[in-house]
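*Asks:* This is structure-v9.txt (compact mmCIF, C-alpha atoms).
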```txt
# COMPACT_ATOMS: atom_id res chain seq x y z
CA MET A 1 9.02 -0.12 8.25
CA ALA A 2 6.31 0.98 10.62
CA PHE A 3 8.30 4.08 11.37
CA ILE A 4 8.45 5.01 7.69
CA GLY A 5 4.71 4.42 7.45
CA ILE A 6 4.10 6.78 10.34
CA LEU A 7 6.34 9.36 8.68
CA GLY A 8 4.18 9.06 5.60
CA GLY A 9 1.21 9.58 7.86
CA GLN A 10 2.72 12.71 9.32
CA VAL A 11 3.22 14.08 5.82
CA LEU A 12 -0.45 13.45 5.13
CA HIS A 13 -1.33 15.08 8.43
CA SER A 14 0.54 18.23 7.44
CA ILE A 15 -1.57 18.67 4.34
CA GLU A 16 -4.70 17.31 5.99
CA GLU A 17 -6.44 20.64 5.64
CA TYR A 18 -5.93 20.61 1.90
CA LEU A 19 -6.85 16.97 1.62
CA LEU A 20 -10.11 17.66 3.42
CA THR A 21 -10.85 20.71 1.28
CA PHE A 22 -10.12 18.79 -1.89
CA PRO A 23 -11.14 15.26 -0.96
CA VAL A 24 -10.25 14.10 -4.44
CA PHE A 25 -6.60 14.19 -3.42
CA LEU A 26 -7.37 12.14 -0.35
CA PHE A 27 -9.05 9.68 -2.68
CA LEU A 28 -5.91 9.52 -4.80
CA VAL A 29 -3.60 8.48 -1.99
CA PRO A 30 -4.35 4.73 -1.83
CA LEU A 31 -4.62 4.53 -5.59
CA MET A 32 -1.21 6.03 -6.19
CA ASN A 33 0.35 4.08 -3.34
CA ASP A 34 -0.98 0.89 -4.91
CA LEU A 35 0.14 1.75 -8.42
CA GLY A 36 3.63 2.73 -7.32
CA GLY A 37 3.91 -0.41 -5.23
CA ASN A 38 2.70 -2.70 -7.97
CA LEU A 39 4.88 -1.16 -10.67
CA GLY A 40 7.79 -1.79 -8.37
CA CYS A 41 6.67 -5.34 -7.62
CA VAL A 42 6.29 -6.22 -11.29
CA LEU A 43 9.77 -4.89 -11.98
CA ALA A 44 11.18 -6.50 -8.85
CA SER A 45 9.94 -9.98 -9.64
CA ARG A 46 11.06 -9.81 -13.26
CA VAL A 47 14.48 -8.61 -12.23
CA SER A 48 14.74 -11.19 -9.48
CA SER A 49 13.80 -14.03 -11.84
CA GLY A 50 16.25 -12.61 -14.31
CA PHE A 51 19.05 -12.68 -11.77
CA HIS A 52 18.22 -16.21 -10.61
CA SER A 53 18.11 -17.60 -14.11
CA GLY A 54 21.17 -15.73 -15.27
CA TYR A 55 19.12 -13.95 -17.90
CA ILE A 56 20.02 -10.62 -16.37
CA GLU A 57 23.47 -9.79 -15.10
CA ALA A 58 23.60 -7.95 -11.80
CA HIS A 59 25.10 -4.89 -13.36
CA ILE A 60 23.51 -1.57 -14.04
CA LYS A 61 24.60 -1.57 -17.66
CA ASP A 62 22.98 -4.88 -18.45
CA LYS A 63 20.83 -4.52 -21.54
CA GLU A 64 17.95 -6.62 -20.25
CA LEU A 65 17.92 -4.61 -17.07
CA THR A 66 17.71 -1.27 -18.81
CA GLU A 67 15.03 -2.61 -21.11
CA ASN A 68 12.96 -3.61 -18.09
CA MET A 69 13.53 -0.22 -16.54
CA PHE A 70 12.31 1.45 -19.69
CA ILE A 71 9.21 -0.72 -19.86
CA THR A 72 8.43 0.09 -16.25
CA LEU A 73 8.67 3.82 -16.94
CA LEU A 74 6.47 3.44 -19.97
CA MET A 75 3.83 1.45 -18.12
CA GLY A 76 3.88 3.91 -15.27
CA LEU A 77 3.36 6.78 -17.66
CA ILE A 78 0.49 5.05 -19.44
CA THR A 79 -1.27 4.06 -16.24
CA PHE A 80 -0.96 7.41 -14.54
CA LEU A 81 -1.98 9.24 -17.68
CA THR A 82 -5.10 7.10 -17.88
CA VAL A 83 -5.91 7.72 -14.24
CA ALA A 84 -5.32 11.45 -14.71
CA LEU A 85 -7.62 11.57 -17.70
CA GLY A 86 -10.22 9.43 -15.99
CA VAL A 87 -10.31 11.69 -12.97
CA ALA A 88 -10.28 14.81 -15.11
CA VAL A 89 -13.22 13.55 -17.12
CA SER A 90 -15.09 12.63 -13.94
CA SER A 91 -14.61 16.17 -12.72
CA ALA A 92 -16.94 17.26 -15.49
CA VAL A 93 -19.66 15.14 -13.97
CA ILE A 94 -18.89 15.23 -10.25
CA ASP A 95 -17.83 18.36 -8.46
CA LEU A 96 -14.26 17.74 -7.43
CA SER A 97 -13.65 21.27 -6.20
CA THR A 98 -10.62 21.85 -8.35
CA THR A 99 -9.98 22.30 -12.03
CA ALA A 100 -9.46 19.42 -14.44
CA LEU A 101 -6.10 20.86 -15.37
CA ASN A 102 -4.97 20.89 -11.74
CA LEU A 103 -6.05 17.30 -11.40
CA ILE A 104 -4.13 16.21 -14.47
CA LEU A 105 -1.03 18.08 -13.37
CA VAL A 106 -1.09 16.70 -9.85
CA ILE A 107 -1.71 13.11 -10.91
CA LEU A 108 0.79 13.12 -13.77
CA GLY A 109 3.43 14.95 -11.81
CA ALA A 110 3.08 12.75 -8.76
CA GLY A 111 2.84 9.73 -11.03
CA VAL A 112 6.07 10.51 -12.84
CA ILE A 113 7.93 11.17 -9.60
CA THR A 114 6.56 7.99 -8.07
CA THR A 115 7.34 5.85 -11.12
CA VAL A 116 10.88 7.10 -11.49
CA GLY A 117 11.54 6.94 -7.76
CA THR A 118 10.04 3.47 -7.40
CA MET A 119 12.09 2.24 -10.31
CA ILE A 120 15.31 3.60 -8.85
CA ILE A 121 14.53 2.11 -5.44
CA THR A 122 13.62 -1.27 -6.91
CA ILE A 123 16.71 -1.56 -9.07
CA THR A 124 19.02 -0.34 -6.32
CA VAL A 125 17.64 -2.65 -3.64
CA SER A 126 17.55 -5.58 -6.06
CA LEU A 127 21.16 -5.08 -7.13
CA ILE A 128 22.40 -4.58 -3.59
CA SER A 129 20.60 -7.56 -2.12
CA TYR A 130 21.75 -9.79 -4.94
CA LYS A 131 25.34 -8.67 -4.60
CA LYS A 132 25.20 -9.39 -0.88
CA ARG A 133 23.98 -12.88 -1.64
CA LEU A 134 20.58 -12.23 -0.13
CA ASP A 135 17.48 -13.39 -1.94
CA PRO A 136 16.02 -10.31 -3.60
CA ASP A 137 12.53 -11.76 -3.34
CA ASN A 138 12.54 -11.50 0.44
CA ILE A 139 13.99 -8.06 0.80
CA VAL A 140 12.88 -5.99 -2.13
CA ILE A 141 9.13 -6.22 -1.87
CA PRO A 142 8.53 -5.08 1.71
CA VAL A 143 11.18 -2.36 1.49
CA LEU A 144 9.86 -1.26 -1.85
CA THR A 145 6.18 -1.07 -0.94
CA THR A 146 6.83 0.94 2.20
CA LEU A 147 9.21 3.36 0.50
CA ALA A 148 6.93 3.63 -2.54
CA ASP A 149 4.04 4.57 -0.24
CA LEU A 150 6.11 7.28 1.39
CA LEU A 151 7.30 8.49 -2.00
CA SER A 152 3.83 8.66 -3.50
CA ILE A 153 2.52 10.56 -0.48
CA ILE A 154 5.40 13.02 -0.68
CA SER A 155 4.94 13.48 -4.42
CA ILE A 156 1.21 14.12 -3.99
CA PHE A 157 2.09 16.61 -1.27
CA ALA A 158 4.64 18.31 -3.53
CA MET A 159 2.32 18.49 -6.54
CA VAL A 160 -0.66 19.71 -4.52
CA TRP A 161 1.55 22.35 -3.00
CA LEU A 162 2.95 23.42 -6.36
CA VAL A 163 -0.21 23.31 -8.39
CA VAL A 164 -3.07 24.09 -6.09
CA ILE A 165 -1.61 26.23 -3.41
CA ASN A 166 0.50 28.36 -5.71
CA MET B 1 6.26 -5.87 -25.41
CA ARG B 2 4.60 -8.98 -24.14
CA VAL B 3 5.38 -7.83 -20.64
CA MET B 4 3.23 -4.81 -21.16
CA LYS B 5 0.35 -6.83 -22.50
CA GLU B 6 0.42 -9.01 -19.42
CA SER B 7 1.11 -6.37 -16.83
CA LEU B 8 -1.00 -3.43 -17.97
CA PRO B 9 -4.44 -4.99 -17.33
CA PHE B 10 -3.15 -6.06 -13.97
CA LEU B 11 -2.00 -2.53 -13.19
CA PHE B 12 -5.36 -1.11 -14.19
CA LEU B 13 -7.12 -3.59 -11.97
CA CYS B 14 -4.88 -2.54 -9.16
CA ALA B 15 -5.78 1.08 -9.86
CA ALA B 16 -9.43 0.12 -9.62
CA GLY B 17 -8.81 -1.49 -6.26
CA GLY B 18 -6.96 1.60 -5.17
CA ALA B 19 -9.91 3.67 -6.31
CA ALA B 20 -12.23 1.60 -4.12
CA ALA B 21 -9.96 2.15 -1.14
CA GLY B 22 -9.79 5.81 -2.09
CA LEU B 23 -13.57 6.09 -2.04
CA VAL B 24 -13.67 4.73 1.50
CA LEU B 25 -10.88 7.07 2.54
CA GLY B 26 -12.62 10.01 0.87
CA SER B 27 -15.84 9.33 2.73
CA MET B 28 -13.97 9.37 6.04
CA GLU B 29 -13.64 13.14 5.98
CA TYR B 30 -15.84 13.56 9.02
CA ILE B 31 -13.89 10.96 10.96
CA PHE B 32 -10.61 12.72 10.26
CA GLU B 33 -12.09 15.91 11.57
CA LEU B 34 -13.48 14.12 14.61
CA VAL B 35 -10.23 12.39 15.58
CA PRO B 36 -7.34 14.72 14.88
CA GLY B 37 -4.20 12.89 13.89
CA LEU B 38 -6.01 9.73 12.85
CA ILE B 39 -4.81 10.22 9.32
CA VAL B 40 -1.27 9.51 10.49
CA LEU B 41 -2.25 5.91 11.16
CA VAL B 42 -3.57 5.30 7.66
CA PRO B 43 -0.44 4.66 5.56
CA ALA B 44 1.22 2.72 8.34
CA MET B 45 -1.82 0.51 8.91
CA ILE B 46 -2.19 -0.20 5.22
CA ASP B 47 1.51 -1.03 4.85
CA MET B 48 1.44 -3.26 7.89
CA ARG B 49 -1.67 -5.01 6.73
CA GLY B 50 -0.17 -5.58 3.29
CA ASN B 51 3.06 -7.01 4.60
CA ILE B 52 1.48 -9.29 7.17
CA SER B 53 -1.11 -10.76 4.83
CA SER B 54 1.34 -11.29 1.99
CA THR B 55 3.64 -13.12 4.35
CA MET B 56 0.82 -15.31 5.54
CA GLY B 57 -0.38 -15.81 1.97
CA SER B 58 2.98 -17.02 0.76
CA ARG B 59 3.55 -19.16 3.85
CA LEU B 60 0.26 -20.92 3.29
CA GLY B 61 1.07 -21.24 -0.39
CA SER B 62 4.34 -22.94 0.41
CA ALA B 63 2.67 -25.05 3.07
CA HIS B 64 0.24 -26.29 0.51
CA HIS B 65 3.04 -27.18 -1.86
CA LEU B 66 4.55 -29.19 0.93
CA GLY B 67 1.25 -30.94 1.55
CA LEU B 68 0.89 -29.53 5.05
CA MET B 69 -2.62 -28.22 4.61
CA GLU B 70 -4.44 -31.51 4.41
CA ARG B 71 -6.78 -30.84 7.31
CA GLY B 72 -7.92 -27.44 6.08
CA LEU B 73 -8.70 -25.04 8.89
CA GLY B 74 -7.73 -27.73 11.36
CA SER B 75 -4.18 -28.02 10.03
CA SER B 76 -1.71 -26.98 12.65
CA ILE B 77 0.15 -24.79 10.23
CA VAL B 78 -3.01 -22.87 9.44
CA LYS B 79 -3.89 -22.42 13.09
CA GLU B 80 -0.34 -21.33 13.89
CA ASN B 81 -0.35 -18.82 11.07
CA ILE B 82 -3.66 -17.35 12.13
CA LYS B 83 -2.46 -16.99 15.70
CA SER B 84 0.81 -15.38 14.75
CA THR B 85 -0.82 -13.08 12.23
CA VAL B 86 -3.27 -11.78 14.80
CA ALA B 87 -0.55 -11.48 17.45
CA LEU B 88 1.73 -9.62 15.09
CA SER B 89 -1.08 -7.29 14.00
CA VAL B 90 -1.99 -6.40 17.57
CA LEU B 91 1.65 -5.91 18.48
CA LEU B 92 2.32 -3.59 15.57
CA ALA B 93 -0.99 -1.84 16.09
CA SER B 94 0.07 -0.97 19.61
CA ILE B 95 3.42 0.35 18.46
CA LEU B 96 1.98 2.66 15.83
CA PRO B 97 0.37 5.12 18.27
CA ILE B 98 3.68 5.31 20.15
CA LEU B 99 5.50 6.15 16.93
CA PHE B 100 2.76 8.65 16.19
CA TRP B 101 3.25 10.31 19.57
CA PHE B 102 7.03 10.29 19.16
CA THR B 103 7.06 11.79 15.68
CA SER B 104 4.48 14.39 16.64
CA PHE B 105 6.61 15.32 19.60
CA ALA B 106 9.71 15.55 17.41
CA LEU B 107 7.83 17.67 14.88
CA SER B 108 6.38 19.90 17.59
CA ILE B 109 2.82 18.94 16.81
CA THR B 110 0.58 18.96 19.83
CA ILE B 111 -1.85 16.14 20.43
CA GLU B 112 -4.63 16.21 22.92
CA LEU B 113 -4.38 13.39 25.44
CA ARG B 114 -7.93 12.27 24.70
CA ALA B 115 -7.10 12.12 21.01
CA LEU B 116 -4.04 10.00 21.73
CA ILE B 117 -6.03 7.57 23.86
CA ALA B 118 -8.71 7.37 21.20
CA ILE B 119 -6.09 6.70 18.54
CA TYR B 120 -4.49 4.03 20.69
CA LEU B 121 -7.78 2.20 21.20
CA ILE B 122 -8.76 2.59 17.57
CA SER B 123 -5.40 1.28 16.43
CA ILE B 124 -5.49 -1.83 18.60
CA SER B 125 -9.09 -2.71 17.79
CA THR B 126 -8.48 -2.22 14.09
CA GLY B 127 -5.27 -4.22 14.27
CA PHE B 128 -6.95 -7.11 16.02
CA THR B 129 -10.02 -7.18 13.82
CA THR B 130 -8.17 -6.86 10.54
CA GLY B 131 -5.69 -9.46 11.75
CA VAL B 132 -8.49 -11.94 12.31
CA LEU B 133 -10.43 -11.08 9.15
CA LEU B 134 -7.46 -11.03 6.86
CA SER B 135 -5.95 -14.23 8.13
CA PHE B 136 -9.18 -16.02 7.27
CA ILE B 137 -9.34 -14.26 3.94
CA SER B 138 -5.74 -15.24 3.19
CA TYR B 139 -6.58 -18.81 4.05
CA PHE B 140 -9.61 -18.85 1.77
CA ALA B 141 -7.70 -17.11 -1.00
CA VAL B 142 -5.13 -19.89 -0.92
CA ILE B 143 -7.87 -22.55 -0.83
CA MET B 144 -9.61 -20.93 -3.80
CA SER B 145 -6.49 -20.80 -5.86
CA ILE B 146 -5.81 -24.44 -5.10
CA LYS B 147 -9.33 -25.38 -6.10
CA TYR B 148 -9.06 -23.58 -9.41
CA ASP B 149 -5.59 -24.89 -9.94
CA LEU B 150 -3.85 -21.53 -9.83
CA ASP B 151 -0.55 -20.93 -8.15
CA PRO B 152 -1.37 -19.52 -4.70
CA ASP B 153 1.71 -17.34 -4.78
CA ASN B 154 0.50 -15.39 -7.78
CA LEU B 155 -2.92 -14.73 -6.38
CA SER B 156 -2.07 -13.93 -2.80
CA GLY B 157 0.13 -10.85 -3.17
CA PRO B 158 -1.86 -8.31 -5.17
CA ALA B 159 -5.35 -9.62 -4.51
CA LEU B 160 -4.83 -9.79 -0.78
CA THR B 161 -3.31 -6.35 -0.50
CA THR B 162 -6.09 -4.72 -2.48
CA VAL B 163 -8.86 -6.40 -0.52
CA GLY B 164 -6.86 -5.80 2.62
CA ASP B 165 -6.61 -2.08 1.93
CA VAL B 166 -10.33 -1.60 1.48
CA LEU B 167 -11.14 -3.79 4.46
CA THR B 168 -8.61 -2.10 6.73
CA LEU B 169 -10.02 1.31 5.90
CA LEU B 170 -13.58 0.14 6.52
CA VAL B 171 -12.65 -1.34 9.89
CA LEU B 172 -10.70 1.80 10.78
CA PHE B 173 -13.74 3.90 9.82
CA PHE B 174 -15.95 1.71 11.98
CA PHE B 175 -13.84 1.85 15.12
CA ALA B 176 -12.90 5.50 14.68
CA TYR B 177 -16.56 6.38 14.40
CA PHE B 178 -17.58 4.65 17.60
CA ILE B 179 -14.51 5.10 19.74
CA GLY B 180 -13.94 8.61 18.48
CA GLY B 181 -17.56 9.45 19.03
CA ALA B 182 -17.47 8.05 22.54
CA ILE B 183 -14.28 9.66 23.71
CA LEU B 184 -14.13 12.93 21.83
```
Translate the structure of the given file into structure tokens.

*Replies:*
Amino acid sequence: MAFIGILGGQVLHSIEEYLLTFPVFLFLVPLMNDLGGNLGCVLASRVSSGFHSGYIEAHIKDKELTENMFITLLMGLITFLTVALGVAVSSAVIDLSTTALNLILVILGAGVITTVGTMIITITVSLISYKKRLDPDNIVIPVLTTLADLLSIISIFAMVWLVVIN
Amino acid sequence: MRVMKESLPFLFLCAAGGAAAGLVLGSMEYIFELVPGLIVLVPAMIDMRGNISSTMGSRLGSAHHLGLMERGLGSSIVKENIKSTVALSVLLASILPILFWFTSFALSITIELRALIAIYLISISTGFTTGVLLSFISYFAVIMSIKYDLDPDNLSGPALTTVGDVLTLLVLFFFAYFIGGAIL
């Protein structure tokens, strides 16, 4: 886990120059890490309770499962859109050294990637741990939060590279 | 869509917490320039902090349910947890710089020896301090939730990690400023 964290750090280090030139993206890192992690946690605990109580069957085609996946995507979209708009609006008041459009694109893009990725990770790890008779509660959350952090950092990196540098 | 009604406010709160942490991180620009490579520690430290405090939070929550926390801070389970949390934090904090060195080496990134030493010292001091601070905060978080009749397990996870993030960054800032300033 620590190793993956350091990898995430190395990714940040590689775009450090850009993060320091546009500190707003540096500011976004913990926020997006947290959101990705929490979206995953919310999904993970619902799914885990669902498995335990038999409400959800440990199968990818289960209707309750797909419904939860859809809700997670929707919530992710809403939250990231709000953050994107909030930051874009703030850029009118505070100088954030990049255009509002860039900000929206980076946040939404990274947000979508993070939400989808987190969801896939959560569902996969939950299904696997349940099938192996391990308690999803113990495994999913630490794995998920670390991977979600790495994912959100990579997606910020990718979006900044795409939008700002090109 | 009841799930959404319950979870959305929570997610927004979490975004607010993330924003607070982001503000601290954003104001650390100078520090990142002063101590090259420090930024590599950030995600790992935050992850580590989050995992360790959540574990302690849920252990204390369960301990309370089992009635093992009668003597408050004097309870042996509390003292044990504080000791192991701090020990674990320091241990992990000393491994991080090694991983940093290793990955930098593998990625052909050069690090100045002074920077590495600075990062090592900063990592350990931050690890120790946050270990101590957060174990007490976890303890009080559990006590608070008991007092107000909330389930400790619900409160500990998200609240602790958010507070933990901001606190970890502040402590990191503090040590990086002084140790970095002294060595570099």

*Asks:* Based on only C-alpha atoms, which of the residues in chain A come within 7 Å of chain B? I want them as a list of chain:residue names.

*Replies:*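 Residues passing the distance filter: A:Ala2, A:Phe3, A:Gly5, A:Ile6, A:Gly8, A:Gly9, A:Gln10, A:Leu12, A:His13, A:Leu20, A:Pro23, A:Leu26, A:Phe27, A:Leu28, A:Val29, A:Pro30, A:Leu31, A:Asp34, A:Leu35, A:Met75, A:Thr79, A:Pro142, A:Thr146.
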
*Asks:* Nearest to A:Thr145 among A:Ile56, A:Val24, A:Ala88, A:Val125, with distances taken over all atoms listed in the file: which residue is it?

*Replies:*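 Among the listed residues, A:Val125 lies closest to A:Thr145.
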
*Asks:* Which polymer residues have any atom within 8 Å of an atom of stretch 15-17 of chain A, counting all atoms listed in the file, with same-chain residues fewer than 4 positions away left out, as an NGL selection string?

*Replies:* (:A and (11 or 21 or 157)) or (:B and (39))

*Asks:* Excluding stretch 43-53 of chain A and any residue of its chain fewer than 3 positions from it, enumerate the residues within 8 Å of it, using only C-alpha atoms, and give them as a ChimeraX atom specification.

*Replies:* /A:39-40,56-58,65,68-69,72,119,122-123,126,130,136-137,140-141

*Asks:* In Å, how far is it from atom CA of A:Ile154 to atom CA of B:Leu170?

*Replies:* 24.0 Å

*Asks:* Using only C-alpha atoms, which of B:Leu169, B:Leu60, B:Leu160, B:Arg49 sits nearest B:Ile137?

*Replies:*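 Using only C-alpha atoms, the shortest distance to B:Ile137 belongs to B:Leu160.
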
*Asks:* Go through B:His64, B:Val171, B:Ile119, B:Ser94 one by one, measure the shortest atom-to-atom distance of each to B:Leu34 using all atoms listed in the file, and give the residue with the smallest value.

*Replies:*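 Closest to B:Leu34, using all atoms listed in the file: B:Ile119.
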
*Asks:* Can you work out which one of A:Ala100, A:Ile120, A:Ile60, A:Met32 has the shortest atom-to-atom distance to A:Phe80, counting all atoms listed in the file?

*Replies:*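 Among the listed residues, the smallest separation from A:Phe80 belongs to A:Met32.
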
*Asks:* With distances taken over all atoms listed in the file, which residue among A:Leu134, A:Val42, A:Ile121, A:Leu127 lies nearest A:Leu147?

*Replies:*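 Checking each of A:Leu134, A:Val42, A:Ile121, A:Leu127 against A:Leu147, counting all atoms listed in the file, the winner is A:Ile121.
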
*Asks:* Quick one: residues within 8 Å of A:Ala110, only C-alpha atoms, excluding same-chain residues fewer than 3 positions away - as number ranges by chain?

*Replies:* A: 106-107, 113-114, 152, 155-156, 158-159

*Asks:* Find the distance between atom CA of B:Leu116 and atom CA of B:Val35 and write it in Å to one decimal.

*Replies:* 9.0 Å

*Asks:* Nearest to B:Gly131 among B:Leu150, B:Val86, B:Ala176, B:Gly61, with distances taken over all atoms listed in the file: which residue is it?

*Replies:* B:Val86

*Asks:* Enter the distance from atom CA of A:Gly76 to atom CA of A:Ala92, in Å, rounded to one decimal.

*Replies:*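 These atoms are spaced 24.7 Å apart.
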